[in-house]
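K.L.:
What follows is my_file-v9.txt, compact mmCIF, C-alpha atoms and all ligand atoms.
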```
# COMPACT_ATOMS: atom_id res chain seq x y z
CA MET A 1 0.00 0.00 0.00
CA LEU A 2 2.87 2.38 0.87
CA ARG A 3 5.07 1.32 -2.02
CA THR A 4 3.55 3.52 -4.73
CA PRO A 5 3.47 6.79 -2.69
CA LEU A 6 6.99 6.17 -1.39
CA LEU A 7 8.31 5.55 -4.89
CA ALA A 8 6.53 8.70 -6.10
CA ALA A 9 8.10 10.60 -3.19
CA ALA A 10 11.49 9.24 -4.28
CA ARG A 11 11.18 11.51 -7.33
CA SER A 12 9.68 14.58 -5.59
CA THR A 13 11.92 17.56 -4.86
CA ALA A 14 9.61 18.83 -2.09
CA CYS A 15 9.66 15.45 -0.27
CA ARG A 16 13.38 15.30 -0.78
CA ARG A 17 13.91 18.63 1.01
CA LEU A 18 11.64 17.54 3.87
CA VAL A 19 13.28 14.15 4.38
CA GLU A 20 16.84 15.47 4.00
CA ARG A 21 16.22 18.20 6.60
CA THR A 22 14.73 15.83 9.17
CA PRO A 23 17.51 15.21 11.71
CA VAL A 24 16.42 11.64 12.60
CA THR A 25 16.68 10.54 8.97
CA ARG A 26 20.47 10.25 9.22
CA GLY A 27 20.38 7.35 11.68
CA LEU A 28 18.25 5.25 9.36
CA VAL A 29 20.21 6.33 6.27
CA ASP A 30 23.40 5.12 7.97
CA ARG A 31 21.91 1.64 8.08
CA PHE A 32 21.79 1.50 4.28
CA VAL A 33 24.59 3.88 3.21
CA ALA A 34 28.28 3.38 4.06
CA GLY A 35 29.15 7.07 4.49
CA SER A 36 29.12 10.42 2.72
CA THR A 37 32.61 10.09 1.31
CA GLN A 38 34.92 7.50 -0.21
CA GLU A 39 37.16 7.88 2.84
CA GLN A 40 34.28 6.86 5.13
CA ALA A 41 33.21 3.96 2.90
CA LEU A 42 36.60 2.34 2.27
CA PRO A 43 37.24 1.03 5.83
CA LYS A 44 33.79 -0.64 5.66
CA VAL A 45 34.73 -2.18 2.30
CA ALA A 46 38.02 -3.45 3.78
CA GLU A 47 36.06 -5.04 6.64
CA LEU A 48 33.43 -6.62 4.35
CA THR A 49 36.00 -8.04 1.92
CA ARG A 50 37.49 -10.19 4.69
CA ASP A 51 34.78 -12.76 3.98
CA ARG A 52 32.65 -11.23 1.20
CA TYR A 53 32.91 -9.41 -2.12
CA VAL A 54 31.71 -5.86 -2.70
CA THR A 55 30.30 -3.67 -5.44
CA LEU A 56 30.45 0.06 -4.69
CA ASP A 57 27.87 2.60 -5.85
CA HIS A 58 28.76 6.30 -5.81
CA LEU A 59 25.23 7.53 -5.10
CA GLY A 60 23.53 9.80 -7.64
CA GLU A 61 20.93 9.51 -10.39
CA ASP A 62 18.80 11.47 -12.88
CA THR A 63 21.53 14.05 -13.56
CA THR A 64 20.55 16.77 -16.00
CA ASP A 65 23.80 18.68 -15.66
CA ALA A 66 26.85 17.73 -17.76
CA ALA A 67 29.30 19.05 -15.16
CA GLN A 68 27.65 16.88 -12.48
CA ALA A 69 27.90 13.84 -14.78
CA GLN A 70 31.59 14.59 -15.28
CA ALA A 71 32.08 14.96 -11.52
CA THR A 72 30.56 11.48 -11.06
CA VAL A 73 33.07 10.04 -13.54
CA GLY A 74 35.82 11.73 -11.51
CA ALA A 75 34.47 10.22 -8.28
CA TYR A 76 34.48 6.71 -9.80
CA THR A 77 37.98 7.15 -11.23
CA ARG A 78 39.26 8.28 -7.85
CA LEU A 79 37.47 5.38 -6.15
CA LEU A 80 38.90 2.79 -8.55
CA GLY A 81 42.42 4.20 -8.02
CA ALA A 82 41.93 3.89 -4.26
CA LEU A 83 40.64 0.30 -4.53
CA ALA A 84 43.82 -0.65 -6.41
CA GLU A 85 46.06 1.30 -4.04
CA HIS A 86 44.55 -0.37 -0.94
CA GLY A 87 44.67 -3.87 -2.45
CA LEU A 88 40.85 -4.11 -2.54
CA ALA A 89 40.27 -4.35 -6.31
CA GLU A 90 40.41 -8.15 -6.36
CA ARG A 91 37.25 -8.37 -4.23
CA ALA A 92 35.57 -5.02 -4.94
CA GLU A 93 34.08 -3.74 -8.21
CA VAL A 94 31.80 -0.77 -8.97
CA SER A 95 28.14 -0.36 -9.96
CA VAL A 96 27.14 2.61 -12.12
CA LYS A 97 23.78 4.23 -12.83
CA LEU A 98 23.92 5.58 -16.38
CA SER A 99 21.51 8.39 -15.44
CA ALA A 100 24.24 9.66 -13.09
CA VAL A 101 26.74 9.95 -15.94
CA GLY A 102 24.56 11.76 -18.46
CA GLN A 103 21.94 9.37 -19.94
CA PHE A 104 19.16 11.97 -19.37
CA LEU A 105 21.05 15.01 -20.66
CA PRO A 106 18.85 16.81 -23.20
CA ALA A 107 21.33 16.75 -26.09
CA ASP A 108 23.20 13.51 -26.90
CA GLY A 109 22.57 12.07 -23.42
CA GLU A 110 23.03 8.45 -24.48
CA LYS A 111 26.27 9.23 -26.33
CA ILE A 112 27.65 11.20 -23.37
CA ALA A 113 26.70 8.42 -20.94
CA LEU A 114 28.47 5.88 -23.18
CA GLU A 115 31.68 7.94 -23.30
CA ASN A 116 31.56 8.60 -19.56
CA ALA A 117 30.94 4.91 -18.82
CA ARG A 118 33.86 4.08 -21.12
CA ASP A 119 36.14 6.30 -18.97
CA ILE A 120 34.97 4.45 -15.84
CA CYS A 121 35.61 1.09 -17.55
CA ARG A 122 39.15 2.19 -18.50
CA ALA A 123 39.80 3.10 -14.85
CA ALA A 124 38.34 -0.26 -13.73
CA GLU A 125 40.54 -2.14 -16.18
CA ALA A 126 43.61 -0.28 -14.92
CA ALA A 127 42.62 -1.15 -11.33
CA GLY A 128 42.05 -4.81 -12.24
CA THR A 129 38.34 -4.96 -11.51
CA THR A 130 34.92 -4.82 -13.21
CA VAL A 131 31.88 -2.58 -13.70
CA THR A 132 28.19 -3.49 -13.53
CA LEU A 133 25.50 -1.18 -14.97
CA ASP A 134 22.54 -0.70 -12.63
CA MET A 135 19.08 -0.75 -14.21
CA GLU A 136 16.69 2.14 -13.61
CA ASP A 137 13.04 2.54 -14.66
CA HIS A 138 11.71 0.72 -17.73
CA THR A 139 12.09 3.75 -20.03
CA THR A 140 15.88 3.39 -19.75
CA VAL A 141 16.26 -0.35 -20.44
CA ASP A 142 16.78 -0.21 -24.24
CA SER A 143 19.29 2.61 -23.90
CA THR A 144 21.16 0.87 -21.05
CA LEU A 145 21.37 -2.44 -22.94
CA SER A 146 22.54 -0.62 -26.07
CA ILE A 147 25.31 1.08 -24.06
CA LEU A 148 26.16 -2.30 -22.51
CA ARG A 149 26.58 -3.82 -26.00
CA ASP A 150 28.89 -0.97 -27.07
CA LEU A 151 30.97 -1.16 -23.90
CA ARG A 152 31.39 -4.93 -24.16
CA VAL A 153 33.17 -4.56 -27.52
CA ASP A 154 36.19 -3.15 -25.66
CA PHE A 155 35.40 -4.36 -22.13
CA PRO A 156 33.73 -7.79 -22.45
CA TRP A 157 33.54 -8.14 -18.66
CA VAL A 158 31.02 -5.30 -18.16
CA GLY A 159 27.88 -6.63 -16.48
CA ALA A 160 24.31 -5.34 -16.21
CA VAL A 161 21.27 -5.62 -13.99
CA LEU A 162 18.02 -7.11 -15.31
CA GLN A 163 14.73 -6.74 -13.41
CA ALA A 164 12.52 -9.84 -13.25
CA TYR A 165 9.31 -7.77 -12.81
CA LEU A 166 9.49 -6.50 -16.41
CA HIS A 167 7.63 -8.63 -18.97
CA ARG A 168 10.54 -8.29 -21.40
CA THR A 169 13.21 -9.61 -19.03
CA GLU A 170 13.04 -13.33 -19.82
CA ALA A 171 13.92 -12.46 -23.42
CA ASP A 172 16.72 -10.15 -22.21
CA CYS A 173 18.04 -12.98 -20.01
CA ARG A 174 18.17 -15.25 -23.07
CA ASP A 175 20.05 -12.57 -25.04
CA LEU A 176 22.53 -12.10 -22.21
CA SER A 177 23.08 -15.72 -21.21
CA GLY A 178 26.06 -16.30 -23.51
CA ALA A 179 29.69 -16.89 -22.56
CA GLY A 180 31.39 -13.98 -20.81
CA SER A 181 28.12 -12.25 -19.95
CA ARG A 182 27.59 -11.08 -16.36
CA VAL A 183 23.95 -10.54 -15.34
CA ARG A 184 22.78 -9.35 -11.95
CA ILE A 185 19.18 -10.48 -11.73
CA CYS A 186 16.98 -8.60 -9.23
CA LYS A 187 13.21 -8.34 -8.75
CA GLY A 188 13.05 -4.59 -9.56
CA ALA A 189 12.67 -1.53 -7.35
CA TYR A 190 10.70 1.08 -9.37
CA ASP A 191 6.96 1.76 -9.65
CA GLU A 192 6.22 0.40 -13.11
CA PRO A 193 2.88 0.32 -14.98
CA ALA A 194 1.05 -3.01 -15.44
CA SER A 195 1.53 -2.61 -19.21
CA VAL A 196 5.25 -3.43 -18.81
CA ALA A 197 5.64 -5.14 -15.42
CA TYR A 198 4.13 -7.79 -13.16
CA LYS A 199 2.48 -6.03 -10.21
CA ASP A 200 1.66 -9.02 -8.05
CA LYS A 201 4.46 -10.23 -5.75
CA ALA A 202 3.77 -13.92 -6.50
CA GLU A 203 3.98 -13.17 -10.24
CA VAL A 204 7.27 -11.31 -9.76
CA ASP A 205 8.68 -14.23 -7.77
CA LYS A 206 7.66 -16.71 -10.50
CA ALA A 207 9.26 -14.49 -13.14
CA TYR A 208 12.43 -14.28 -11.02
CA VAL A 209 12.65 -18.08 -10.96
CA ARG A 210 12.13 -18.29 -14.75
CA CYS A 211 14.96 -15.78 -15.22
CA LEU A 212 17.20 -17.73 -12.84
CA LYS A 213 16.53 -20.93 -14.83
CA ILE A 214 17.62 -19.24 -18.07
CA LEU A 215 20.74 -17.68 -16.57
CA MET A 216 21.85 -20.78 -14.65
CA ALA A 217 21.41 -22.98 -17.74
CA GLY A 218 23.33 -20.47 -19.88
CA GLU A 219 27.05 -19.92 -20.28
CA GLY A 220 27.34 -16.56 -18.52
CA TYR A 221 27.93 -15.62 -14.89
CA PRO A 222 24.65 -15.20 -12.95
CA MET A 223 24.64 -12.75 -10.03
CA VAL A 224 21.64 -13.55 -7.82
CA ALA A 225 20.64 -10.22 -6.25
CA SER A 226 17.96 -11.11 -3.70
CA HIS A 227 17.47 -11.22 0.05
CA ASP A 228 14.53 -13.58 -0.35
CA PRO A 229 15.41 -16.91 1.33
CA ARG A 230 13.29 -18.81 -1.25
CA MET A 231 15.14 -17.23 -4.17
CA VAL A 232 18.50 -17.91 -2.51
CA ALA A 233 17.62 -21.60 -2.04
CA ILE A 234 16.16 -21.98 -5.55
CA ALA A 235 19.25 -20.33 -7.10
CA GLN A 236 21.51 -22.81 -5.31
CA LYS A 237 19.42 -25.78 -6.48
CA LEU A 238 19.37 -24.53 -10.08
CA ALA A 239 23.14 -23.92 -9.98
CA ALA A 240 23.71 -27.49 -8.76
CA THR A 241 21.40 -28.90 -11.45
CA ALA A 242 23.31 -26.93 -14.10
CA GLY A 243 26.59 -28.36 -12.74
CA ARG A 244 27.87 -24.97 -11.61
CA SER A 245 30.49 -24.81 -8.85
CA ASP A 246 30.30 -22.16 -6.09
CA GLU A 247 32.70 -20.04 -8.18
CA GLU A 248 30.42 -20.04 -11.23
CA TYR A 249 27.69 -17.77 -9.85
CA GLU A 250 27.27 -15.46 -6.87
CA HIS A 251 24.74 -14.18 -4.36
CA GLN A 252 24.34 -10.44 -3.88
CA MET A 253 22.61 -8.40 -1.16
CA LEU A 254 22.44 -4.75 -0.20
CA TYR A 255 24.56 -3.16 2.52
CA GLY A 256 22.67 -3.25 5.82
CA ILE A 257 20.13 -5.89 4.79
CA ARG A 258 20.23 -9.49 6.13
CA ASP A 259 23.83 -9.15 7.25
CA ASN A 260 23.70 -12.43 9.22
CA GLU A 261 22.55 -14.27 6.12
CA GLN A 262 25.39 -12.69 4.14
CA VAL A 263 27.90 -13.93 6.72
CA ARG A 264 26.30 -17.40 6.77
CA LEU A 265 26.44 -17.80 2.98
CA ALA A 266 30.06 -16.63 2.87
CA ALA A 267 30.97 -19.06 5.67
CA GLU A 268 29.38 -21.88 3.65
CA GLY A 269 31.82 -21.09 0.85
CA LYS A 270 29.33 -19.28 -1.40
CA ARG A 271 30.40 -16.14 -3.23
CA MET A 272 28.55 -13.37 -1.46
CA ARG A 273 28.78 -9.80 -2.81
CA VAL A 274 27.48 -6.76 -0.93
CA TYR A 275 26.22 -3.69 -2.81
CA VAL A 276 27.72 -0.76 -0.89
CA PRO A 277 26.37 2.74 -1.67
CA TYR A 278 28.11 5.86 -0.42
CA GLY A 279 27.87 9.61 -1.02
CA ASP A 280 25.58 12.55 -0.30
CA GLU A 281 22.96 11.80 -2.96
CA TRP A 282 21.28 9.09 -0.88
CA TYR A 283 17.67 10.27 -1.13
CA GLY A 284 16.34 8.17 -4.09
CA TYR A 285 18.19 5.05 -2.95
CA PHE A 286 16.96 5.46 0.64
CA MET A 287 13.32 5.95 -0.40
CA ARG A 288 13.43 2.77 -2.54
CA ARG A 289 14.68 0.84 0.52
CA LEU A 290 11.79 2.23 2.60
CA ALA A 291 9.34 1.24 -0.14
CA GLU A 292 10.61 -2.35 -0.25
CA ARG A 293 9.75 -3.07 3.33
CA PRO A 294 6.84 -1.45 5.20
CA ALA A 295 8.60 -2.17 8.53
CA ASN A 296 11.36 0.27 7.51
CA MET A 297 8.73 2.96 6.97
CA VAL A 298 7.04 2.24 10.30
CA PHE A 299 10.42 2.49 12.03
CA PHE A 300 11.14 5.78 10.24
CA ALA A 301 7.68 7.22 11.06
CA ARG A 302 7.99 6.19 14.71
CA SER A 303 11.35 7.92 15.06
CA LEU A 304 9.83 11.09 13.57
CA ILE A 305 6.99 11.04 16.11
CA THR A 306 9.09 10.22 19.18
CA ARG A 307 12.01 12.55 18.48
P1 LIG B 401 11.75 -9.19 -1.36
O1 LIG B 401 11.43 -7.77 -1.62
O2 LIG B 401 10.67 -10.20 -1.53
O3 LIG B 401 12.39 -9.28 0.08
C1 LIG B 401 12.72 -10.52 0.70
C2 LIG B 401 13.15 -10.26 2.11
O4 LIG B 401 14.37 -9.50 2.12
C3 LIG B 401 12.18 -9.39 2.92
O5 LIG B 401 11.15 -10.14 3.49
C4 LIG B 401 13.11 -8.75 3.94
O6 LIG B 401 13.40 -9.68 4.98
C5 LIG B 401 14.36 -8.53 3.15
N1 LIG B 401 14.39 -7.18 2.56
C6 LIG B 401 14.22 -6.87 1.24
N2 LIG B 401 14.33 -5.53 1.05
C7 LIG B 401 14.56 -4.99 2.27
C8 LIG B 401 14.77 -3.66 2.74
N3 LIG B 401 14.77 -2.61 1.92
N4 LIG B 401 15.00 -3.46 4.05
C9 LIG B 401 15.02 -4.50 4.93
N5 LIG B 401 14.84 -5.80 4.53
C10 LIG B 401 14.61 -6.04 3.23
N6 LIG B 401 16.64 -2.88 -8.34
C11 LIG B 401 16.54 -2.23 -9.53
O7 LIG B 401 15.42 -1.92 -9.97
N7 LIG B 401 17.66 -1.91 -10.23
C12 LIG B 401 18.91 -2.27 -9.81
O8 LIG B 401 19.90 -1.96 -10.48
C13 LIG B 401 19.03 -2.97 -8.58
N8 LIG B 401 20.24 -3.36 -8.09
C14 LIG B 401 20.31 -4.21 -7.02
C15 LIG B 401 21.53 -4.76 -6.62
C16 LIG B 401 21.59 -5.66 -5.58
C17 LIG B 401 22.89 -6.28 -5.21
C18 LIG B 401 20.38 -6.02 -4.89
C19 LIG B 401 20.42 -7.03 -3.77
C20 LIG B 401 19.19 -5.45 -5.24
C21 LIG B 401 19.13 -4.54 -6.29
N9 LIG B 401 17.93 -3.94 -6.65
C22 LIG B 401 17.86 -3.25 -7.85
C23 LIG B 401 16.74 -4.00 -5.73
C24 LIG B 401 15.82 -5.15 -6.06
O9 LIG B 401 15.18 -4.93 -7.28
C25 LIG B 401 14.75 -5.35 -4.98
O10 LIG B 401 13.97 -4.20 -4.87
C26 LIG B 401 15.29 -5.68 -3.60
O11 LIG B 401 16.42 -6.49 -3.67
C27 LIG B 401 14.22 -6.42 -2.75
O12 LIG B 401 13.87 -7.62 -3.39
P2 LIG B 401 14.26 -9.08 -2.81
O13 LIG B 401 14.66 -9.93 -3.95
O14 LIG B 401 15.27 -8.94 -1.75
O15 LIG B 401 12.91 -9.71 -2.30
```
What would the structure in this file look like if it were written as structure tokens?
P.N.:
Amino acid sequence: MLRTPLLAAARSTACRRLVERTPVTRGLVDRFVAGSTQEQALPKVAELTRDRYVTLDHLGEDTTDAAQAQATVGAYTRLLGALAEHGLAERAEVSVKLSAVGQFLPADGEKIALENARDICRAAEAAGTTVTLDMEDHTTVDSTLSILRDLRVDFPWVGAVLQAYLHRTEADCRDLSGAGSRVRICKGAYDEPASVAYKDKAEVDKAYVRCLKILMAGEGYPMVASHDPRMVAIAQKLAATAGRSDEEYEHQMLYGIRDNEQVRLAAEGKRMRVYVPYGDEWYGYFMRRLAERPANMVFFARSLITR
């Protein structure tokens, strides 16, 4: 019931001002975000990579300013240099939202995003790690997959996220299940119309399993991004059926969510990667985390009332 208004609020400037100015927000944000700066995030990455893998997200999205897009490229380049310098690049990669590097710019947005993503890929290659393209709302999927195809000509290791709730995604999984392909399959976090996406949770779960089947049976590297215990168990069964070893796929979860389960999977010898966001532009990311779980919203509302 709260999901749609919260996801609408995620894109509202007025709500953004209100939430950002509320002092108690910070405590809850800290649960999901590893700091405002790279310097704050890196010690957490060093800690996590003792038993897990990491993908880092420099927070930001929907940029309509070329200078801001360029600044984001600079932030990723600096981050990738630091990962190499601190010996973290073997277990830590980066995740990039193309809308943060120019995809929505009015003139030549897609071309600018491609060139900016290329710069980030060059820095990742120099650091000895990889890049995965996040997936945003359904209007961006064709553009993101087109940029992925272009990037993979020079950087065949670039991965992408696919969202099981979209009707088109099974076909996209088939297209991206070939050798060398890296697909992070998630359920999907945006408020999409019924014309393009399954709206019912049970339908989304069934679609997620169909996507897992395609990816596990394929020749690529499936990245199972879900906190759902059923999806985790089904992924492991499908991997075993496909004859995949623990090194031939991985589990992924978000920073601050089901940490005990992350530790348990890593201790069992599974590859467990944590998506670690950092930076000041946490608003959209934070609101999507509230929308995913009503209990988060209740906790947030209660802290507003009792402050
Ligand atoms: P589901 O929502 O059914 O949750 C299962 C259980 O997990 C819940 O019962 C709860 O215990 C726990 N849980 C889930 N979300 C929680 C939360 N916010 N707070 C506390 N507990 C929570 N989406 C997208 O559209 N584009 C993208 O690029 C990405 N990228 C991405 C990367 C990674 C590594 C992950 C793990 C997820 C994403 N997502 C995403 C988000 C994804 O689409 C989805 O919204 C969330 O992962 C929640 O879906 P689950 O599969 O966890 O199942």
K.L.:
Tell me which of A:Ile185, A:Leu98, A:Ala107, A:Leu238 sits closest to Ser146 in chain A, counting all atoms listed in the file.
P.N.:
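For Ser146 in chain A, the nearest of the candidates is A:Leu98.
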K.L.:
Which one of A:Pro23, A:Pro294, A:Gly188, A:Pro106 sits closest to ligand LIG 401 (chain B) if you count only C-alpha atoms and all ligand atoms?
P.N.:
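When distances to ligand LIG 401 (chain B) are compared using only C-alpha atoms and all ligand atoms, the smallest one comes from A:Gly188.
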K.L.:
Name the closest residue to Arg182 in chain A among the candidates A:Thr144, A:Gln163, A:Arg52, A:Tyr249; distances are taken between atoms, counting all atoms listed in the file.
P.N.:
A:Tyr249
K.L.:
Can you list every residue of chain A that has an atom at most 6 Å from ligand LIG 401 (chain B), with its nearest atom pair and the distance in Å to one decimal, using all atoms listed in the file, ordered by chain then number, as a tab-separated table?
P.N.:
```
residue	atom	partner	partner_atom	distance
A:Asp134	CA	B:LIG401	O8	3.6
A:Met135	CA	B:LIG401	O8	4.0
A:Glu136	CA	B:LIG401	N7	5.4
A:Val161	CA	B:LIG401	O8	5.3
A:Gln163	CA	B:LIG401	O7	6.0
A:Cys186	CA	B:LIG401	O9	4.5
A:Lys187	CA	B:LIG401	O9	4.2
A:Gly188	CA	B:LIG401	O9	3.1
A:Ala189	CA	B:LIG401	O7	3.8
A:Tyr190	CA	B:LIG401	O7	5.6
A:Ala225	CA	B:LIG401	C19	4.0
A:Ser226	CA	B:LIG401	O13	3.5
A:His227	CA	B:LIG401	O14	3.6
A:Asp228	CA	B:LIG401	C1	3.7
A:Gln252	CA	B:LIG401	C17	4.6
A:Met253	CA	B:LIG401	C19	3.7
A:Leu254	CA	B:LIG401	C19	4.7
A:Ile257	CA	B:LIG401	N5	5.3
A:Tyr275	CA	B:LIG401	C17	4.9
A:Arg289	CA	B:LIG401	N3	3.7
A:Leu290	CA	B:LIG401	N3	5.7
A:Glu292	CA	B:LIG401	N3	4.7
A:Arg293	CA	B:LIG401	C8	5.1
```
K.L.:
Identify the residues around (23.5, 7.0, -0.9) within a radius of 12 Å, measuring from only C-alpha atoms in the coordinates stated by the file, and give them as number ranges by chain.
P.N.:
A: 20, 26, 28-38, 41, 56-61, 254-255, 275-289
K.L.:
Residues at most 12 Å from Asp65 in chain A, counting only C-alpha atoms, excluding those fewer than 5 positions away in the same chain, as an MDAnalysis selection string?
P.N.:
chainID A and resid 60 70:72 99:107 109 112:113
K.L.:
Quick one: residues within 9 Å of Gly269 in chain A, all atoms listed in the file, excluding same-chain residues fewer than 4 positions away - as a PyMOL selection string?
P.N.:
chain A and resi 246+264-265
K.L.:
Would you kindly return, as a list of chain:residue names, each protein, DNA or RNA residue with an atom no farther than 10 Å from any atom of Arg244 in chain A, considering all atoms listed in the file and excluding same-chain residues fewer than 5 positions away?
P.N.:
A:Met216, A:Ala217, A:Tyr221, A:Gln236, A:Lys237, A:Leu238, A:Ala239, A:Tyr249
K.L.:
Please produce a file of the residues just selected, as a PDB file, in the frame of the given file, where the atoms kept are C-alpha atoms.
P.N.:
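Below is the file out-v3.pdb, written as the result:
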```pdb
ATOM      1  CA  MET A 216      21.850 -20.780 -14.650  1.00  0.00           C
ATOM      2  CA  ALA A 217      21.410 -22.980 -17.740  1.00  0.00           C
ATOM      3  CA  TYR A 221      27.930 -15.620 -14.890  1.00  0.00           C
ATOM      4  CA  GLN A 236      21.510 -22.810  -5.310  1.00  0.00           C
ATOM      5  CA  LYS A 237      19.420 -25.780  -6.480  1.00  0.00           C
ATOM      6  CA  LEU A 238      19.370 -24.530 -10.080  1.00  0.00           C
ATOM      7  CA  ALA A 239      23.140 -23.920  -9.980  1.00  0.00           C
ATOM      8  CA  TYR A 249      27.690 -17.770  -9.850  1.00  0.00           C
TER       9      TYR A 249
END
```
K.L.:
Quick one: 4 Å padding each side, axis-aligned, all listed atoms of range 200-208 of chain A - centre and edge lengths in Å to one decimal, as AutoDock Vina command-line options?
P.N.:
```
--center_x 7.0 --center_y -12.9 --center_z -9.4 --size_x 18.8 --size_y 15.7 --size_z 15.4
```
K.L.:
Quick check, in Å to one decimal: how far apart do CA of Ser143 in chain A and CA of Tyr165 in chain A lie?
P.N.:
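Computing the Euclidean distance for CA of Ser143 in chain A and CA of Tyr165 in chain A yields 18.2 Å.
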K.L.:
Tell me, as a ChimeraX atom specification, which residues lie within 10 Å of Ala46 in chain A, counting only C-alpha atoms; anything in the same chain fewer than 5 positions away does not count.
P.N.:
/A:41,51-54,83,86-88,91-92
K.L.:
If you keep C-alpha atoms, can you produce a file of those selected residues as a PDB file, keeping the file's coordinate frame?
P.N.:
```pdb
ATOM      1  CA  ALA A  41      33.210   3.960   2.900  1.00  0.00           C
ATOM      2  CA  ASP A  51      34.780 -12.760   3.980  1.00  0.00           C
ATOM      3  CA  ARG A  52      32.650 -11.230   1.200  1.00  0.00           C
ATOM      4  CA  TYR A  53      32.910  -9.410  -2.120  1.00  0.00           C
ATOM      5  CA  VAL A  54      31.710  -5.860  -2.700  1.00  0.00           C
ATOM      6  CA  LEU A  83      40.640   0.300  -4.530  1.00  0.00           C
ATOM      7  CA  HIS A  86      44.550  -0.370  -0.940  1.00  0.00           C
ATOM      8  CA  GLY A  87      44.670  -3.870  -2.450  1.00  0.00           C
ATOM      9  CA  LEU A  88      40.850  -4.110  -2.540  1.00  0.00           C
ATOM     10  CA  ARG A  91      37.250  -8.370  -4.230  1.00  0.00           C
ATOM     11  CA  ALA A  92      35.570  -5.020  -4.940  1.00  0.00           C
TER      12      ALA A  92
END
```
K.L.:
Just how far from CA of Val263 in chain A is CA of Phe300 in chain A, in Å to one decimal?
P.N.:
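According to the coordinates, CA of Phe300 in chain A and CA of Val263 in chain A are separated by 26.1 Å.
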K.L.:
What is the distance between CA of Arg149 in chain A and CA of Met272 in chain A, in Å to one decimal?
P.N.:
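Separating CA of Arg149 in chain A from CA of Met272 in chain A is a distance of 26.4 Å.
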